[in-house]
Amino acid sequence: MKLLGEYFKLQNEIYEYFGYQEDWVVIPMESKLNYFWYIDPTEKDHVIYWESKKDVVELGQWYQDGIYTQRFLPKWVYRGPEFTMICTNPGVDGNKFLSVFDNTKEHKSIPTYLQDGITKLDGMYNIV
């Protein structure tokens with residue numbers, strides 16, 4: 001089937017872009033391109049992401065996934081020039097994802113408006 005051939009070709013191109021090599025398990029990919037995001041400085045603990053400042057301030061709506069750190073992968077964060085792919089663990093039903101984020105939406109520190117609503121607890125952030 002031509003469609004499947006094209007799918008696997010595109011998947012390989014995406015993996016090459018990030019320098020990712022599948023090993024042991026097949027982790028599904030998901031788009032987080034619409035989200036602003038912050039990854040902990042070690043790039044081994046968690047990634048926090050949100051759609052807008054308004055969602056955080058007015059609705060208290062933001063998300064956090066752990067970083068899926070398995071020994072069979074040489075690294076868990078794959079940075080490209082325009083996008084970053086992070087092996088994430090949302091902590092729900094054993095799911096793991098290759099979450100793709102837009103580098104133009106990355107925050108190098110936690111924005112004040114997000115800090116005001118969370119507190120650090122055991123390496124993870126929680127709503128106050």
# chains A, B, ... in the order shown; residues from 1 in each chain; ligands from 1
call {"tool": "residues_around", "arguments": {"residues": "Tyr20 in chain A", "least_positions_apart": "3", "cutoff": "10 Å", "atoms": "only C-alpha atoms", "output": "list in words"}}
result
Asn12, Ile14, Tyr15, Glu16, Tyr17, Asp23, Leu73, Pro74, Lys75, Trp76, Val77, Tyr78, Arg79 and Met85 of chain A
call {"tool": "select_by_dssp", "arguments": {"residues": "range 22-93 of chain A", "states": "strand (DSSP E or B)", "output": "ChimeraX atom specification"}}
result
/A:23,25,29-31,36-39,46-50,63-67,77-79,83-89
call {"tool": "write_last_selection", "arguments": {"atoms": "N, CA and C atoms", "output": "CSV table (one decimal), in the first residue's frame"}}
result
chain,number,residue,atom,x,y,z
A,23,ASP,N,14.3,2.1,19.6
A,23,ASP,CA,15.0,0.9,20.2
A,23,ASP,C,14.1,0.3,21.2
A,25,VAL,N,11.2,-0.4,22.2
A,25,VAL,CA,9.8,-0.1,22.1
A,25,VAL,C,9.5,1.0,21.1
A,29,MET,N,4.2,9.3,18.5
A,29,MET,CA,4.5,10.7,18.5
A,29,MET,C,3.2,11.5,18.7
A,30,GLU,N,3.4,12.7,19.3
A,30,GLU,CA,2.2,13.6,19.5
A,30,GLU,C,2.7,15.0,19.3
A,31,SER,N,1.8,15.9,18.8
A,31,SER,CA,2.1,17.3,18.6
A,31,SER,C,1.8,18.1,19.8
A,36,PHE,N,3.1,26.7,24.7
A,36,PHE,CA,4.4,27.2,25.3
A,36,PHE,C,4.9,26.2,26.2
A,37,TRP,N,6.2,26.2,26.4
A,37,TRP,CA,6.8,25.1,27.3
A,37,TRP,C,8.0,25.5,28.0
A,38,TYR,N,8.3,24.8,29.1
A,38,TYR,CA,9.5,24.9,29.9
A,38,TYR,C,9.9,23.5,30.3
A,39,ILE,N,11.2,23.2,30.1
A,39,ILE,CA,11.8,21.9,30.5
A,39,ILE,C,12.7,22.2,31.7
A,46,HIS,N,11.0,16.8,34.1
A,46,HIS,CA,9.7,17.2,33.6
A,46,HIS,C,9.7,18.3,32.6
A,47,VAL,N,8.6,18.4,31.9
A,47,VAL,CA,8.3,19.5,31.0
A,47,VAL,C,6.9,20.0,31.4
A,48,ILE,N,6.8,21.3,31.5
A,48,ILE,CA,5.5,22.0,31.8
A,48,ILE,C,5.1,22.7,30.5
A,49,TYR,N,3.8,22.6,30.2
A,49,TYR,CA,3.3,23.3,28.9
A,49,TYR,C,1.9,23.8,29.1
A,50,TRP,N,1.6,24.9,28.4
A,50,TRP,CA,0.4,25.6,28.5
A,50,TRP,C,0.0,26.3,27.2
A,63,TYR,N,-0.2,22.0,32.1
A,63,TYR,CA,0.0,20.6,32.1
A,63,TYR,C,1.5,20.3,32.4
A,64,GLN,N,1.7,19.1,33.0
A,64,GLN,CA,3.1,18.7,33.2
A,64,GLN,C,3.2,17.2,33.0
A,65,ASP,N,4.3,16.9,32.2
A,65,ASP,CA,4.6,15.5,32.0
A,65,ASP,C,6.0,15.2,32.5
A,66,GLY,N,6.2,14.0,33.1
A,66,GLY,CA,7.5,13.6,33.4
A,66,GLY,C,8.3,13.2,32.1
A,67,ILE,N,9.6,13.2,32.2
A,67,ILE,CA,10.4,12.8,31.1
A,67,ILE,C,10.7,11.3,31.2
A,77,VAL,N,15.8,13.9,25.3
A,77,VAL,CA,15.4,15.2,24.7
A,77,VAL,C,16.2,15.4,23.4
A,78,TYR,N,15.5,15.6,22.3
A,78,TYR,CA,16.1,15.6,21.0
A,78,TYR,C,15.8,17.0,20.4
A,79,ARG,N,16.9,17.9,20.4
A,79,ARG,CA,16.7,19.2,19.9
A,79,ARG,C,17.1,19.4,18.5
A,83,PHE,N,12.4,22.6,16.1
A,83,PHE,CA,11.6,21.8,17.0
A,83,PHE,C,12.4,20.9,18.0
A,84,THR,N,11.7,20.6,19.1
A,84,THR,CA,12.3,19.7,20.1
A,84,THR,C,11.4,18.6,20.3
A,85,MET,N,11.9,17.4,20.4
A,85,MET,CA,11.1,16.2,20.6
A,85,MET,C,11.6,15.6,22.0
A,86,ILE,N,10.6,15.4,22.9
A,86,ILE,CA,10.9,15.0,24.3
A,86,ILE,C,10.1,13.7,24.5
A,87,CYS,N,10.8,12.7,25.1
A,87,CYS,CA,10.1,11.5,25.5
A,87,CYS,C,9.4,11.8,26.8
A,88,THR,N,8.1,11.8,26.7
A,88,THR,CA,7.3,12.2,27.9
A,88,THR,C,6.5,11.0,28.5
A,89,ASN,N,6.2,11.2,29.8
A,89,ASN,CA,5.4,10.2,30.5
A,89,ASN,C,4.4,11.1,31.2
call {"tool": "residues_around", "arguments": {"residues": "Lys32 in chain A", "least_positions_apart": "3", "cutoff": "7 Å", "atoms": "only C-alpha atoms", "output": "VMD selection string"}}
result
chain A and resid 35 99 to 101
call {"tool": "write_last_selection", "arguments": {"atoms": "N, CA and C atoms", "output": "mmCIF file, in the first residue's frame"}}
result
data_model
loop_
_atom_site.group_PDB
_atom_site.id
_atom_site.type_symbol
_atom_site.label_atom_id
_atom_site.label_comp_id
_atom_site.auth_asym_id
_atom_site.auth_seq_id
_atom_site.Cartn_x
_atom_site.Cartn_y
_atom_site.Cartn_z
ATOM 1 N N TYR A 35 1.635 24.693 22.112
ATOM 2 C CA TYR A 35 1.872 25.003 23.520
ATOM 3 C C TYR A 35 3.177 25.768 23.739
ATOM 4 N N SER A 99 6.838 13.730 22.330
ATOM 5 C CA SER A 99 6.111 14.997 22.227
ATOM 6 C C SER A 99 6.974 16.008 21.492
ATOM 7 N N VAL A 100 6.409 16.598 20.443
ATOM 8 C CA VAL A 100 7.144 17.549 19.618
ATOM 9 C C VAL A 100 6.682 18.967 19.949
ATOM 10 N N PHE A 101 7.650 19.821 20.333
ATOM 11 C CA PHE A 101 7.394 21.205 20.711
ATOM 12 C C PHE A 101 8.071 22.162 19.729
#
call {"tool": "residues_around", "arguments": {"residues": "Gln61 in chain A", "least_positions_apart": "6", "cutoff": "10 Å", "atoms": "only C-alpha atoms", "output": "mmCIF file with N, CA and C atoms, in the first residue's frame"}}
result
data_model
loop_
_atom_site.group_PDB
_atom_site.id
_atom_site.type_symbol
_atom_site.label_atom_id
_atom_site.label_comp_id
_atom_site.auth_asym_id
_atom_site.auth_seq_id
_atom_site.Cartn_x
_atom_site.Cartn_y
_atom_site.Cartn_z
ATOM 1 N N TYR A 49 3.814 22.624 30.165
ATOM 2 C CA TYR A 49 3.337 23.281 28.941
ATOM 3 C C TYR A 49 1.934 23.839 29.140
ATOM 4 N N TRP A 50 1.649 24.913 28.390
ATOM 5 C CA TRP A 50 0.379 25.620 28.541
ATOM 6 C C TRP A 50 0.047 26.315 27.220
ATOM 7 N N GLU A 51 -1.250 26.587 27.028
ATOM 8 C CA GLU A 51 -1.676 27.187 25.760
ATOM 9 C C GLU A 51 -1.526 28.698 25.740
ATOM 10 N N SER A 52 -1.828 29.354 26.853
ATOM 11 C CA SER A 52 -1.732 30.813 26.881
ATOM 12 C C SER A 52 -1.600 31.308 28.317
ATOM 13 N N LYS A 53 -1.122 32.517 28.453
ATOM 14 C CA LYS A 53 -1.024 33.139 29.774
ATOM 15 C C LYS A 53 -2.412 33.229 30.396
ATOM 16 N N LYS A 54 -3.405 33.558 29.597
ATOM 17 C CA LYS A 54 -4.789 33.674 30.085
ATOM 18 C C LYS A 54 -5.263 32.347 30.684
ATOM 19 N N ASP A 55 -4.978 31.237 30.009
ATOM 20 C CA ASP A 55 -5.391 29.927 30.522
ATOM 21 C C ASP A 55 -4.767 29.645 31.889
ATOM 22 N N LEU A 114 3.201 31.765 35.807
ATOM 23 C CA LEU A 114 3.052 30.334 36.047
ATOM 24 C C LEU A 114 3.590 29.975 37.429
ATOM 25 N N GLY A 117 1.259 30.161 40.505
ATOM 26 C CA GLY A 117 0.229 29.162 40.722
ATOM 27 C C GLY A 117 0.740 27.779 41.050
ATOM 28 N N ILE A 127 -0.151 22.470 41.765
ATOM 29 C CA ILE A 127 -0.973 23.653 41.994
ATOM 30 C C ILE A 127 -0.998 23.962 43.477
#
call {"tool": "select_by_dssp", "arguments": {"residues": "chain A", "states": "helix (DSSP H, G or I)", "output": "PDB file with N, CA and C atoms, in the first residue's frame"}}
result
ATOM      1  N   LYS A   2       0.690   2.111  -0.954  1.00  0.00           N
ATOM      2  CA  LYS A   2       1.510   3.304  -1.129  1.00  0.00           C
ATOM      3  C   LYS A   2       1.450   4.222   0.098  1.00  0.00           C
ATOM      4  N   LEU A   3       0.281   4.366   0.668  1.00  0.00           N
ATOM      5  CA  LEU A   3       0.101   5.245   1.824  1.00  0.00           C
ATOM      6  C   LEU A   3       0.984   4.826   2.999  1.00  0.00           C
ATOM      7  N   LEU A   4       1.056   3.533   3.274  1.00  0.00           N
ATOM      8  CA  LEU A   4       1.909   3.045   4.361  1.00  0.00           C
ATOM      9  C   LEU A   4       3.381   3.303   4.072  1.00  0.00           C
ATOM     10  N   GLY A   5       3.775   3.102   2.830  1.00  0.00           N
ATOM     11  CA  GLY A   5       5.152   3.386   2.449  1.00  0.00           C
ATOM     12  C   GLY A   5       5.507   4.843   2.689  1.00  0.00           C
ATOM     13  N   GLU A   6       4.586   5.746   2.340  1.00  0.00           N
ATOM     14  CA  GLU A   6       4.807   7.184   2.548  1.00  0.00           C
ATOM     15  C   GLU A   6       4.860   7.514   4.042  1.00  0.00           C
ATOM     16  N   TYR A   7       3.989   6.863   4.813  1.00  0.00           N
ATOM     17  CA  TYR A   7       3.967   7.086   6.256  1.00  0.00           C
ATOM     18  C   TYR A   7       5.322   6.731   6.876  1.00  0.00           C
ATOM     19  N   PHE A   8       5.828   5.554   6.573  1.00  0.00           N
ATOM     20  CA  PHE A   8       7.106   5.121   7.157  1.00  0.00           C
ATOM     21  C   PHE A   8       8.276   5.958   6.657  1.00  0.00           C
ATOM     22  N   LYS A   9       8.190   6.417   5.425  1.00  0.00           N
ATOM     23  CA  LYS A   9       9.233   7.301   4.894  1.00  0.00           C
ATOM     24  C   LYS A   9       9.247   8.620   5.673  1.00  0.00           C
ATOM     25  N   LEU A  10       8.065   9.192   5.895  1.00  0.00           N
ATOM     26  CA  LEU A  10       7.980  10.439   6.658  1.00  0.00           C
ATOM     27  C   LEU A  10       8.431  10.244   8.104  1.00  0.00           C
ATOM     28  N   GLN A  11       8.045   9.118   8.700  1.00  0.00           N
ATOM     29  CA  GLN A  11       8.472   8.824  10.063  1.00  0.00           C
ATOM     30  C   GLN A  11      10.001   8.774  10.138  1.00  0.00           C
ATOM     31  N   ASN A  12      10.629   8.116   9.180  1.00  0.00           N
ATOM     32  CA  ASN A  12      12.097   8.050   9.162  1.00  0.00           C
ATOM     33  C   ASN A  12      12.723   9.424   8.982  1.00  0.00           C
ATOM     34  N   GLU A  13      12.118  10.267   8.154  1.00  0.00           N
ATOM     35  CA  GLU A  13      12.630  11.628   7.958  1.00  0.00           C
ATOM     36  C   GLU A  13      12.549  12.430   9.254  1.00  0.00           C
ATOM     37  N   ILE A  14      11.451  12.265   9.988  1.00  0.00           N
ATOM     38  CA  ILE A  14      11.292  12.964  11.267  1.00  0.00           C
ATOM     39  C   ILE A  14      12.337  12.458  12.268  1.00  0.00           C
ATOM     40  N   TYR A  15      12.504  11.144  12.345  1.00  0.00           N
ATOM     41  CA  TYR A  15      13.516  10.588  13.249  1.00  0.00           C
ATOM     42  C   TYR A  15      14.910  11.105  12.884  1.00  0.00           C
ATOM     43  N   GLU A  16      15.224  11.170  11.610  1.00  0.00           N
ATOM     44  CA  GLU A  16      16.530  11.685  11.174  1.00  0.00           C
ATOM     45  C   GLU A  16      16.703  13.150  11.567  1.00  0.00           C
ATOM     46  N   TYR A  17      15.656  13.948  11.427  1.00  0.00           N
ATOM     47  CA  TYR A  17      15.714  15.364  11.799  1.00  0.00           C
ATOM     48  C   TYR A  17      16.161  15.506  13.254  1.00  0.00           C
ATOM     49  N   PHE A  18      15.591  14.674  14.127  1.00  0.00           N
ATOM     50  CA  PHE A  18      15.893  14.761  15.551  1.00  0.00           C
ATOM     51  C   PHE A  18      17.092  13.918  15.970  1.00  0.00           C
ATOM     52  N   LYS A  53      -1.122  32.517  28.453  1.00  0.00           N
ATOM     53  CA  LYS A  53      -1.024  33.139  29.774  1.00  0.00           C
ATOM     54  C   LYS A  53      -2.412  33.229  30.396  1.00  0.00           C
ATOM     55  N   LYS A  54      -3.405  33.558  29.597  1.00  0.00           N
ATOM     56  CA  LYS A  54      -4.789  33.674  30.085  1.00  0.00           C
ATOM     57  C   LYS A  54      -5.263  32.347  30.684  1.00  0.00           C
ATOM     58  N   ASP A  55      -4.978  31.237  30.009  1.00  0.00           N
ATOM     59  CA  ASP A  55      -5.391  29.927  30.522  1.00  0.00           C
ATOM     60  C   ASP A  55      -4.767  29.645  31.889  1.00  0.00           C
ATOM     61  N   VAL A  56      -3.524  30.052  32.063  1.00  0.00           N
ATOM     62  CA  VAL A  56      -2.832  29.817  33.335  1.00  0.00           C
ATOM     63  C   VAL A  56      -3.391  30.728  34.417  1.00  0.00           C
ATOM     64  N   VAL A  57      -3.467  32.046  34.125  1.00  0.00           N
ATOM     65  CA  VAL A  57      -3.847  33.037  35.130  1.00  0.00           C
ATOM     66  C   VAL A  57      -5.330  32.943  35.490  1.00  0.00           C
ATOM     67  N   GLU A  58      -6.196  32.861  34.487  1.00  0.00           N
ATOM     68  CA  GLU A  58      -7.631  32.906  34.758  1.00  0.00           C
ATOM     69  C   GLU A  58      -8.233  31.537  35.044  1.00  0.00           C
ATOM     70  N   LEU A  59      -7.709  30.492  34.412  1.00  0.00           N
ATOM     71  CA  LEU A  59      -8.308  29.167  34.552  1.00  0.00           C
ATOM     72  C   LEU A  59      -7.452  28.190  35.354  1.00  0.00           C
ATOM     73  N   ASN A 103      10.304  25.279  19.068  1.00  0.00           N
ATOM     74  CA  ASN A 103      11.382  25.953  19.805  1.00  0.00           C
ATOM     75  C   ASN A 103      11.107  27.438  20.039  1.00  0.00           C
ATOM     76  N   THR A 104      10.300  28.078  19.180  1.00  0.00           N
ATOM     77  CA  THR A 104      10.013  29.508  19.379  1.00  0.00           C
ATOM     78  C   THR A 104       9.104  29.736  20.581  1.00  0.00           C
ATOM     79  N   LYS A 105       8.508  28.675  21.114  1.00  0.00           N
ATOM     80  CA  LYS A 105       7.598  28.804  22.258  1.00  0.00           C
ATOM     81  C   LYS A 105       8.229  28.315  23.564  1.00  0.00           C
ATOM     82  N   THR A 112       6.750  34.132  35.501  1.00  0.00           N
ATOM     83  CA  THR A 112       6.229  34.546  36.804  1.00  0.00           C
ATOM     84  C   THR A 112       4.767  34.177  36.946  1.00  0.00           C
ATOM     85  N   TYR A 113       3.979  34.403  35.902  1.00  0.00           N
ATOM     86  CA  TYR A 113       2.545  34.109  36.003  1.00  0.00           C
ATOM     87  C   TYR A 113       2.276  32.621  36.213  1.00  0.00           C
ATOM     88  N   LEU A 114       3.201  31.765  35.807  1.00  0.00           N
ATOM     89  CA  LEU A 114       3.052  30.334  36.047  1.00  0.00           C
ATOM     90  C   LEU A 114       3.590  29.975  37.429  1.00  0.00           C
ATOM     91  N   GLN A 115       4.689  30.616  37.827  1.00  0.00           N
ATOM     92  CA  GLN A 115       5.275  30.367  39.156  1.00  0.00           C
ATOM     93  C   GLN A 115       4.303  30.694  40.263  1.00  0.00           C
TER      94      GLN A 115
END
call {"tool": "atom_distance", "arguments": {"atom1": "CA of Glu82 in chain A", "atom2": "CA of Trp62 in chain A"}}
result
22.9 Å
call {"tool": "atom_distance", "arguments": {"atom1": "CA of Leu33 in chain A", "atom2": "CA of Asp102 in chain A"}}
result
5.1 Å
call {"tool": "atom_distance", "arguments": {"atom1": "CA of Met1 in chain A", "atom2": "CA of Ile27 in chain A"}}
result
22.9 Å
